[in-house]
file final_2.cif (mmCIF, C-alpha atoms)
data_start
#
loop_
_atom_site.group_PDB
_atom_site.id
_atom_site.type_symbol
_atom_site.label_atom_id
_atom_site.label_comp_id
_atom_site.auth_asym_id
_atom_site.auth_seq_id
_atom_site.Cartn_x
_atom_site.Cartn_y
_atom_site.Cartn_z
ATOM 1 C CA MET A 1 62.894 158.603 -4.824
ATOM 2 C CA ARG A 2 62.541 155.272 -6.512
ATOM 3 C CA LEU A 3 65.483 153.900 -8.431
ATOM 4 C CA LYS A 4 64.528 152.877 -11.922
ATOM 5 C CA LEU A 5 66.616 150.174 -13.501
ATOM 6 C CA THR A 6 66.380 150.438 -17.226
ATOM 7 C CA SER A 7 67.716 147.853 -19.620
ATOM 8 C CA ALA A 8 70.495 150.271 -20.594
ATOM 9 C CA ALA A 9 71.551 150.832 -16.978
ATOM 10 C CA ILE A 10 71.727 147.161 -16.005
ATOM 11 C CA PRO A 11 75.062 146.344 -17.667
ATOM 12 C CA GLY A 12 76.520 149.430 -16.013
ATOM 13 C CA TRP A 13 75.344 148.424 -12.563
ATOM 14 C CA PHE A 14 76.488 144.883 -13.062
ATOM 15 C CA GLY A 15 79.853 146.144 -14.275
ATOM 16 C CA VAL A 16 80.274 148.334 -11.221
ATOM 17 C CA ALA A 17 79.431 145.452 -8.886
ATOM 18 C CA LEU A 18 81.796 143.117 -10.721
ATOM 19 C CA SER A 19 84.599 145.701 -10.715
ATOM 20 C CA LEU A 20 84.258 146.244 -6.997
ATOM 21 C CA LEU A 21 84.346 142.523 -6.376
ATOM 22 C CA LEU A 22 87.454 142.149 -8.514
ATOM 23 C CA LEU A 23 89.055 145.130 -6.786
ATOM 24 C CA ALA A 24 88.376 143.705 -3.362
ATOM 25 C CA GLY A 25 89.556 140.283 -4.435
ATOM 26 C CA GLY A 26 92.715 141.706 -5.982
ATOM 27 C CA HIS A 27 93.435 143.682 -2.862
ATOM 28 C CA ALA A 28 92.947 140.619 -0.681
ATOM 29 C CA TYR A 29 95.248 138.630 -2.990
ATOM 30 C CA ALA A 30 97.896 141.350 -2.872
ATOM 31 C CA GLN A 31 97.734 141.379 0.899
ATOM 32 C CA ALA A 32 98.151 137.650 1.070
ATOM 33 C CA SER A 33 101.138 137.650 -1.287
ATOM 34 C CA ASP A 34 104.793 138.477 -0.752
ATOM 35 C CA LEU A 35 106.100 141.974 -0.055
ATOM 36 C CA LYS A 36 108.354 143.478 -2.681
ATOM 37 C CA LEU A 37 110.573 146.104 -1.138
ATOM 38 C CA GLU A 38 113.496 148.280 -2.070
ATOM 39 C CA VAL A 39 116.194 149.587 0.212
ATOM 40 C CA GLN A 40 118.744 152.258 -0.566
ATOM 41 C CA LEU A 41 121.855 153.148 1.346
ATOM 42 C CA ILE A 42 122.360 156.878 0.959
ATOM 43 C CA TRP A 43 125.155 159.166 1.968
ATOM 44 C CA GLY A 44 124.276 162.699 2.930
ATOM 45 C CA THR A 45 126.872 165.422 2.542
ATOM 46 C CA ASN A 46 127.237 169.109 1.924
ATOM 47 C CA ASP A 47 129.626 168.471 -0.930
ATOM 48 C CA LYS A 48 128.165 168.904 -4.352
ATOM 49 C CA GLN A 49 129.926 165.873 -5.705
ATOM 50 C CA SER A 50 130.837 162.557 -4.193
ATOM 51 C CA PRO A 51 134.513 161.601 -4.269
ATOM 52 C CA ASP A 52 133.410 158.113 -5.270
ATOM 53 C CA PRO A 53 132.510 158.004 -8.966
ATOM 54 C CA LYS A 54 130.327 154.969 -8.299
ATOM 55 C CA HIS A 55 127.952 157.115 -6.282
ATOM 56 C CA LYS A 56 125.136 158.773 -8.153
ATOM 57 C CA PRO A 57 122.675 161.396 -6.972
ATOM 58 C CA VAL A 58 119.491 159.963 -5.562
ATOM 59 C CA ALA A 59 116.380 159.891 -7.731
ATOM 60 C CA PRO A 60 114.256 163.063 -7.605
ATOM 61 C CA GLU A 61 111.431 161.149 -5.928
ATOM 62 C CA VAL A 62 113.694 160.142 -3.025
ATOM 63 C CA LEU A 63 115.369 163.549 -2.921
ATOM 64 C CA ASN A 64 111.977 165.253 -2.545
ATOM 65 C CA LYS A 65 111.126 162.989 0.372
ATOM 66 C CA LEU A 66 114.457 163.688 2.057
ATOM 67 C CA LYS A 67 114.068 167.428 1.535
ATOM 68 C CA GLU A 68 110.789 167.241 3.461
ATOM 69 C CA LEU A 69 112.623 165.817 6.461
ATOM 70 C CA PRO A 70 114.510 167.904 9.021
ATOM 71 C CA LEU A 71 117.902 167.030 7.584
ATOM 72 C CA LYS A 72 120.643 169.567 6.975
ATOM 73 C CA TRP A 73 122.621 168.059 4.130
ATOM 74 C CA ALA A 74 122.663 169.590 0.699
ATOM 75 C CA SER A 75 123.394 166.503 -1.372
ATOM 76 C CA TYR A 76 122.453 162.874 -1.143
ATOM 77 C CA PHE A 77 124.209 160.122 -3.037
ATOM 78 C CA GLU A 78 123.010 156.597 -3.598
ATOM 79 C CA VAL A 79 125.645 154.140 -2.401
ATOM 80 C CA LYS A 80 123.680 150.942 -2.823
ATOM 81 C CA ARG A 81 120.225 149.919 -3.915
ATOM 82 C CA ILE A 82 118.774 146.465 -3.323
ATOM 83 C CA SER A 83 115.385 145.139 -4.324
ATOM 84 C CA PHE A 84 114.191 142.166 -2.342
ATOM 85 C CA THR A 85 111.127 140.148 -1.485
ATOM 86 C CA VAL A 86 109.826 139.208 1.925
ATOM 87 C CA PRO A 87 107.608 136.121 1.873
ATOM 88 C CA LYS A 88 104.339 136.254 3.754
ATOM 89 C CA GLY A 89 105.110 135.551 7.399
ATOM 90 C CA GLY A 90 108.809 135.222 6.564
ATOM 91 C CA MET A 91 111.948 137.275 6.967
ATOM 92 C CA THR A 92 114.663 138.511 4.615
ATOM 93 C CA SER A 93 118.120 139.770 5.539
ATOM 94 C CA VAL A 94 119.657 142.465 3.403
ATOM 95 C CA ALA A 95 123.341 143.281 3.736
ATOM 96 C CA LEU A 96 123.913 146.981 3.213
ATOM 97 C CA SER A 97 127.616 146.804 3.921
ATOM 98 C CA GLU A 98 130.100 144.433 5.470
ATOM 99 C CA LYS A 99 129.081 145.474 8.973
ATOM 100 C CA CYS A 100 125.578 146.740 8.482
ATOM 101 C CA LYS A 101 122.499 144.726 7.608
ATOM 102 C CA LEU A 102 118.763 144.942 7.794
ATOM 103 C CA ASP A 103 116.315 142.161 8.706
ATOM 104 C CA VAL A 104 112.803 142.684 7.427
ATOM 105 C CA ARG A 105 110.003 140.443 8.627
ATOM 106 C CA SER A 106 106.482 140.422 7.173
ATOM 107 C CA LEU A 107 103.784 140.601 9.843
ATOM 108 C CA GLY A 108 100.825 140.657 7.434
ATOM 109 C CA LYS A 109 98.522 143.478 6.324
ATOM 110 C CA SER A 110 101.515 145.414 4.947
ATOM 111 C CA LYS A 111 103.053 145.554 8.394
ATOM 112 C CA ILE A 112 106.757 144.837 8.711
ATOM 113 C CA GLU A 113 109.277 144.469 11.476
ATOM 114 C CA VAL A 114 112.642 146.004 10.727
ATOM 115 C CA THR A 115 115.799 145.181 12.643
ATOM 116 C CA HIS A 116 118.905 147.185 11.985
ATOM 117 C CA PHE A 117 122.249 145.560 12.776
ATOM 118 C CA GLY A 118 125.570 147.325 13.093
ATOM 119 C CA LYS A 119 128.753 145.424 13.701
ATOM 120 C CA GLY A 120 126.696 142.310 14.367
ATOM 121 C CA GLN A 121 124.693 143.943 17.144
ATOM 122 C CA GLU A 122 121.018 144.875 17.070
ATOM 123 C CA VAL A 123 120.931 148.649 16.957
ATOM 124 C CA TRP A 124 117.257 149.263 16.469
ATOM 125 C CA LYS A 125 114.074 147.278 15.953
ATOM 126 C CA GLY A 126 110.625 148.574 15.086
ATOM 127 C CA THR A 127 107.368 147.712 13.383
ATOM 128 C CA GLN A 128 105.435 149.818 10.943
ATOM 129 C CA ALA A 129 102.853 149.429 8.197
ATOM 130 C CA LEU A 130 104.531 149.947 4.859
ATOM 131 C CA PRO A 131 101.913 150.143 2.125
ATOM 132 C CA LYS A 132 102.916 151.427 -1.292
ATOM 133 C CA GLY A 133 103.867 155.095 -1.084
ATOM 134 C CA GLU A 134 105.018 154.832 2.514
ATOM 135 C CA THR A 135 108.729 155.267 3.276
ATOM 136 C CA LEU A 136 110.767 154.402 6.327
ATOM 137 C CA VAL A 137 114.096 156.173 6.706
ATOM 138 C CA LEU A 138 116.734 155.156 9.230
ATOM 139 C CA GLY A 139 119.707 157.415 9.592
ATOM 140 C CA GLY A 140 122.574 158.593 11.692
ATOM 141 C CA ASN A 141 125.651 160.726 11.710
ATOM 142 C CA ALA A 142 128.808 159.765 9.849
ATOM 143 C CA PRO A 143 132.356 161.182 10.026
ATOM 144 C CA ASN A 144 133.182 164.596 8.649
ATOM 145 C CA ALA A 145 129.719 166.012 9.270
ATOM 146 C CA THR A 146 128.084 163.637 6.819
ATOM 147 C CA SER A 147 125.276 161.160 7.341
ATOM 148 C CA TRP A 148 124.132 157.703 6.404
ATOM 149 C CA LEU A 149 120.540 156.956 5.494
ATOM 150 C CA VAL A 150 118.713 153.717 4.850
ATOM 151 C CA VAL A 151 115.568 154.363 2.818
ATOM 152 C CA LEU A 152 113.093 151.494 2.795
ATOM 153 C CA LYS A 153 109.996 151.570 0.635
ATOM 154 C CA ARG A 154 107.399 149.229 -0.801
ATOM 155 C CA VAL A 155 107.610 148.463 -4.486
ATOM 156 C CA GLU A 156 104.507 146.248 -4.795
ATOM 157 C CA MET B 1 23.374 201.117 28.638
ATOM 158 C CA MET B 2 22.694 197.685 30.024
ATOM 159 C CA ASP B 3 25.564 196.046 31.833
ATOM 160 C CA TYR B 4 26.959 192.628 30.923
ATOM 161 C CA ASP B 5 25.553 190.828 33.944
ATOM 162 C CA ARG B 6 22.121 192.057 33.130
ATOM 163 C CA GLN B 7 22.453 190.805 29.569
ATOM 164 C CA LEU B 8 23.513 187.374 30.835
ATOM 165 C CA LYS B 9 20.650 187.264 33.268
ATOM 166 C CA LEU B 10 18.228 188.119 30.482
ATOM 167 C CA GLN B 11 19.641 185.275 28.386
ATOM 168 C CA ALA B 12 19.210 182.924 31.357
ATOM 169 C CA TYR B 13 15.605 184.125 31.760
ATOM 170 C CA LEU B 14 14.945 183.348 28.119
ATOM 171 C CA ASP B 15 16.418 179.883 28.544
ATOM 172 C CA GLY B 16 14.294 179.242 31.680
ATOM 173 C CA GLU B 17 17.323 178.883 33.904
ATOM 174 C CA LEU B 18 16.302 181.370 36.615
ATOM 175 C CA SER B 19 14.526 180.634 39.857
ATOM 176 C CA GLU B 20 10.922 181.608 40.234
ATOM 177 C CA ALA B 21 11.745 184.739 42.246
ATOM 178 C CA GLU B 22 14.412 185.823 39.817
ATOM 179 C CA ALA B 23 12.077 185.181 36.874
ATOM 180 C CA ARG B 24 9.444 187.283 38.508
ATOM 181 C CA GLU B 25 11.915 190.064 39.071
ATOM 182 C CA MET B 26 13.038 189.867 35.418
ATOM 183 C CA GLY B 27 9.363 190.022 34.304
ATOM 184 C CA ASN B 28 8.865 193.199 36.292
ATOM 185 C CA TRP B 29 12.060 194.636 34.822
ATOM 186 C CA LEU B 30 10.948 193.855 31.281
ATOM 187 C CA ALA B 31 7.646 195.616 31.970
ATOM 188 C CA ARG B 32 9.522 198.758 32.913
ATOM 189 C CA ASP B 33 12.544 198.856 30.592
ATOM 190 C CA ARG B 34 12.105 199.134 26.829
ATOM 191 C CA GLU B 35 15.782 198.433 26.172
ATOM 192 C CA ALA B 36 15.469 195.160 28.010
ATOM 193 C CA VAL B 37 12.454 194.255 25.961
ATOM 194 C CA ALA B 38 14.300 194.975 22.745
ATOM 195 C CA LEU B 39 17.222 192.776 23.760
ATOM 196 C CA HIS B 40 14.883 190.028 24.907
ATOM 197 C CA THR B 41 13.142 190.070 21.542
ATOM 198 C CA GLU B 42 16.415 189.961 19.653
ATOM 199 C CA LEU B 43 17.712 187.034 21.695
ATOM 200 C CA ARG B 44 14.495 185.113 21.216
ATOM 201 C CA ASN B 45 14.547 185.679 17.450
ATOM 202 C CA THR B 46 18.145 184.558 17.263
ATOM 203 C CA ARG B 47 17.395 181.394 19.188
ATOM 204 C CA GLN B 48 14.519 180.566 16.907
ATOM 205 C CA ALA B 49 16.649 181.118 13.826
ATOM 206 C CA LEU B 50 19.385 178.811 15.114
ATOM 207 C CA THR B 51 16.915 176.156 16.087
ATOM 208 C CA GLY B 52 15.571 176.150 12.535
ATOM 209 C CA PHE B 53 19.049 175.462 11.113
ATOM 210 C CA GLU B 54 19.544 172.415 13.270
ATOM 211 C CA VAL B 55 16.924 170.408 11.465
ATOM 212 C CA GLY B 56 18.542 167.213 10.030
ATOM 213 C CA ILE B 57 19.075 166.973 6.287
ATOM 214 C CA GLU B 58 17.018 164.232 4.768
ATOM 215 C CA LEU B 59 18.184 162.401 1.655
ATOM 216 C CA PRO B 60 15.739 162.217 -1.212
ATOM 217 C CA GLU B 61 16.455 158.458 -1.344
ATOM 218 C CA SER B 62 16.628 155.639 1.149
ATOM 219 C CA ARG B 63 19.785 154.876 3.111
ATOM 220 C CA GLU B 64 20.148 151.478 1.444
ATOM 221 C CA PHE B 65 19.926 152.976 -2.024
ATOM 222 C CA PHE B 66 22.468 155.658 -1.151
ATOM 223 C CA TRP B 67 25.051 153.112 0.046
ATOM 224 C CA SER B 68 24.373 150.766 -2.837
ATOM 225 C CA LYS B 69 25.369 153.564 -5.211
ATOM 226 C CA ILE B 70 28.711 153.921 -3.445
ATOM 227 C CA GLU B 71 29.253 150.188 -3.576
ATOM 228 C CA ARG B 72 28.547 150.070 -7.306
ATOM 229 C CA GLU B 73 30.982 152.939 -7.919
ATOM 230 C CA ILE B 74 33.749 151.067 -6.083
ATOM 231 C CA GLU B 75 33.076 147.917 -8.082
ATOM 232 C CA ARG B 76 33.010 149.856 -11.322
ATOM 233 C CA GLN B 77 36.624 150.967 -10.886
ATOM 234 C CA ALA B 78 39.228 148.796 -12.672
ATOM 235 C CA PRO B 79 40.702 145.973 -10.599
ATOM 236 C CA PRO B 80 44.446 146.293 -9.811
ATOM 237 C CA GLU B 81 46.841 145.083 -12.480
ATOM 238 C CA PRO B 82 48.360 141.698 -11.719
ATOM 239 C CA ALA B 83 52.130 141.849 -11.153
ATOM 240 C CA ARG B 84 54.022 141.186 -14.331
ATOM 241 C CA HIS B 85 56.850 138.687 -14.195
ATOM 242 C CA SER B 86 59.401 140.349 -16.441
ATOM 243 C CA TRP B 87 63.067 139.701 -17.119
ATOM 244 C CA LEU B 88 63.753 143.020 -15.412
ATOM 245 C CA ALA B 89 62.566 141.584 -12.125
ATOM 246 C CA GLY B 90 64.977 138.685 -12.594
ATOM 247 C CA TRP B 91 67.891 141.037 -13.160
ATOM 248 C CA ARG B 92 66.863 143.030 -10.140
ATOM 249 C CA ARG B 93 66.967 139.918 -7.976
ATOM 250 C CA LEU B 94 70.533 139.354 -9.175
ATOM 251 C CA LEU B 95 71.682 142.944 -8.896
ATOM 252 C CA VAL B 96 70.462 143.635 -5.390
ATOM 253 C CA PRO B 97 72.564 140.915 -3.697
ATOM 254 C CA ALA B 98 75.489 141.648 -6.030
ATOM 255 C CA GLY B 99 75.353 145.299 -5.072
ATOM 256 C CA ALA B 100 75.167 144.423 -1.396
ATOM 257 C CA ILE B 101 78.192 142.124 -1.688
ATOM 258 C CA ALA B 102 80.095 144.789 -3.591
ATOM 259 C CA ALA B 103 79.276 147.384 -0.942
ATOM 260 C CA LEU B 104 80.477 145.043 1.800
ATOM 261 C CA ALA B 105 83.653 144.309 -0.138
ATOM 262 C CA LEU B 106 84.270 148.017 -0.602
ATOM 263 C CA ALA B 107 83.694 148.673 3.092
ATOM 264 C CA ALA B 108 86.113 145.871 3.995
ATOM 265 C CA LEU B 109 88.632 147.314 1.553
ATOM 266 C CA VAL B 110 88.387 150.768 3.073
ATOM 267 C CA VAL B 111 88.601 149.447 6.642
ATOM 268 C CA THR B 112 91.564 147.220 5.842
ATOM 269 C CA LYS B 113 93.368 149.950 3.965
ATOM 270 C CA SER B 114 92.863 152.569 6.628
ATOM 271 C CA GLY B 115 93.765 150.104 9.334
ATOM 272 C CA SER B 116 97.084 149.208 7.787
ATOM 273 C CA GLU B 117 98.039 152.760 6.884
ATOM 274 C CA GLY B 118 97.199 154.196 10.241
ATOM 275 C CA THR B 119 99.657 152.031 12.151
ATOM 276 C CA PRO B 120 102.355 154.222 13.638
ATOM 277 C CA LEU B 121 105.935 153.199 14.069
ATOM 278 C CA GLU B 122 106.534 151.109 17.159
ATOM 279 C CA ALA B 123 110.095 150.684 18.279
ATOM 280 C CA SER B 124 110.681 147.551 20.287
ATOM 281 C CA LEU B 125 114.439 148.026 20.655
ATOM 282 C CA ALA B 126 114.894 151.697 21.124
ATOM 283 C CA ASP B 127 118.139 153.512 20.787
ATOM 284 C CA PRO B 128 118.175 155.818 23.843
ATOM 285 C CA GLY B 129 119.569 158.640 21.735
ATOM 286 C CA ALA B 130 117.198 158.100 18.833
ATOM 287 C CA PHE B 131 114.333 160.300 17.774
ATOM 288 C CA THR B 132 111.480 159.738 15.363
ATOM 289 C CA TYR B 133 109.979 162.251 12.958
ATOM 290 C CA ARG B 134 106.816 161.671 10.955
ATOM 291 C CA ASP B 135 105.802 163.625 7.841
ATOM 292 C CA ASP B 136 102.241 162.666 6.973
ATOM 293 C CA SER B 137 102.124 164.638 3.753
ATOM 294 C CA ALA B 138 105.228 162.888 2.413
ATOM 295 C CA ARG B 139 104.153 159.621 4.104
ATOM 296 C CA THR B 140 107.639 159.249 5.462
ATOM 297 C CA THR B 141 108.932 158.239 8.864
ATOM 298 C CA LEU B 142 112.450 159.130 9.867
ATOM 299 C CA VAL B 143 114.263 157.376 12.695
ATOM 300 C CA TRP B 144 117.489 159.127 13.578
ATOM 301 C CA LEU B 145 119.801 156.869 15.533
ATOM 302 C CA SER B 146 122.707 157.772 17.714
ATOM 303 C CA TYR B 147 124.513 154.756 16.299
ATOM 304 C CA PRO B 148 127.684 156.213 14.851
ATOM 305 C CA ALA B 149 128.708 155.015 11.444
ATOM 306 C CA GLU B 150 132.342 155.679 12.220
ATOM 307 C CA ASN B 151 134.420 153.840 9.700
ATOM 308 C CA GLU B 152 132.139 150.891 9.328
ATOM 309 C CA LEU B 153 131.437 151.402 5.686
ATOM 310 C CA ALA B 154 134.612 153.277 5.196
ATOM 311 C CA ASP B 155 136.305 149.913 5.062
ATOM 312 C CA SER B 156 134.584 149.256 1.789
ATOM 313 C CA GLU B 157 134.176 152.884 0.734
ATOM 314 C CA PRO B 158 137.406 154.499 1.871
ATOM 315 C CA SER B 159 137.195 157.511 -0.344
ATOM 316 C CA SER B 160 133.610 158.484 0.354
ATOM 317 C CA LYS B 161 133.642 158.339 4.143
ATOM 318 C CA VAL B 162 130.252 156.652 4.009
ATOM 319 C CA PRO B 163 129.459 154.563 7.105
#

call {"tool": "encode", "arguments": {"input": "final_2.cif", "output": "structure tokens"}}
result
Amino acid sequence: MRLKLTSAAIPGWFGVALSLLLLAGGHAYAQASDLKLEVQLIWGTNDKQSPDPKHKPVAPEVLNKLKELPLKWASYFEVKRISFTVPKGGMTSVALSEKCKLDVRSLGKSKIEVTHFGKGQEVWKGTQALPKGETLVLGGNAPNATSWLVVLKRVE
Amino acid sequence: MMDYDRQLKLQAYLDGELSEAEAREMGNWLARDREAVALHTELRNTRQALTGFEVGIELPESREFFWSKIEREIERQAPPEPARHSWLAGWRRLLVPAGAIAALALAALVVTKSGSEGTPLEASLADPGAFTYRDDSARTTLVWLSYPAENELADSEPSSKVP
């Protein structure tokens, strides 16, 4: 079949080509720019309410993700939420508590290296691609059959 | 009823393919057998009829005149239209490379996107008691560490028992 380019179809074709170029260019620019991330420190418990009035239930979006995971707790409360930026090729430290911090290094192409520190010691280090929509959750047990969770996700 | 070999031999006799002795024998047979005579007559008539059809067809005109008519008919047909240089052709020259570039950009986009999203978690400092769980539908990776929170955060959050 022969493709016929009519005068009416030309602007459409040109628009499609231009849009794709802009899309590709925008994507390349986004990849070359800084990573905007958000980390939440979450407490998991079977209590319906947190004894700390500063704690608030996690957002439904996060709760749905946690419910998909093999975790046993009935309630999850947001203890701390920090938004931060990791420069391209750089590293950002985020203090989650006095003794717990997270180092996030940008490795390019949405890939990050995460180092979790507890009491000044490296507890865990790993790399993973973290495009928008992807979530990395670190967690562990806490006293009184509760849990701590660090939820890291890409904002932009 | 005459057998097949006899029929073939009679055909060969008609075509002059038999030896002299065989031909003589066939002549004697034809003198005796009326059926053989009838078949011989039929074969001869058939051969004559076919020979008449093979006469070449002659044109009522000379060869040169015949081919000159064909040549004139070819020349009479309209010559091919010269290619028009329209603005459409100009646009097409622009659109074809633009489309190719766009397709390449799209392919690069897809490859880059899939490449970055398909990277699994790689732990370089593994907690020996840790385990990893991946939920592709939720696009979530869980790393459960054996690191006990103890009272680490309890220092700042005494009432909540949060690590």

call {"tool": "resolve_selection", "arguments": {"input": "final_2.cif", "expression": "the PyMOL selection byres ((chain B and resi 122-138) around 8)", "output": "JSON, numbers by chain"}}
result
{"A": [65, 68, 69, 123, 124, 125, 126, 127, 128], "B": [120, 121, 139, 140, 141, 142, 143, 144, 145, 146, 147]}

call {"tool": "resolve_selection", "arguments": {"input": "final_2.cif", "expression": "the PyMOL selection byres ((chain A and resi 35-51) around 6)", "output": "list in words"}}
result
Asp34, Asp52, Trp73, Ala74, Ser75, Tyr76, Phe77, Glu78, Val79, Lys80, Arg81, Ile82, Ser83, Phe84, Thr85, Val86, Thr146, Ser147, Trp148, Leu149, Val150, Val151, Leu152, Lys153, Arg154, Val155 and Glu156 of chain A; Ser160 of chain B

call {"tool": "residues_near_point", "arguments": {"input": "final_2.cif", "point": "(103.7, 130.3, 8.5)", "cutoff": "12 Å", "atoms": "only C-alpha atoms", "output": "list in words"}}
result
Ala32, Pro87, Lys88, Gly89, Gly90, Met91, Arg105, Ser106, Leu107 and Gly108 of chain A

call {"tool": "residues_around", "arguments": {"input": "final_2.cif", "residues": "stretch 3-10 of chain B", "least_positions_apart": "4", "cutoff": "9 Å", "atoms": "all atoms listed in the file", "output": "PyMOL selection string"}}
result
chain B and resi 14-15+18+26+36+39-40+43

call {"tool": "atom_distance", "arguments": {"input": "final_2.cif", "atom1": "atom CA of A:Thr135", "atom2": "atom CA of A:Asn64"}}
result
12.0 Å

call {"tool": "atom_distance", "arguments": {"input": "final_2.cif", "atom1": "atom CA of B:Val96", "atom2": "atom CA of B:Val110"}}
result
21.1 Å
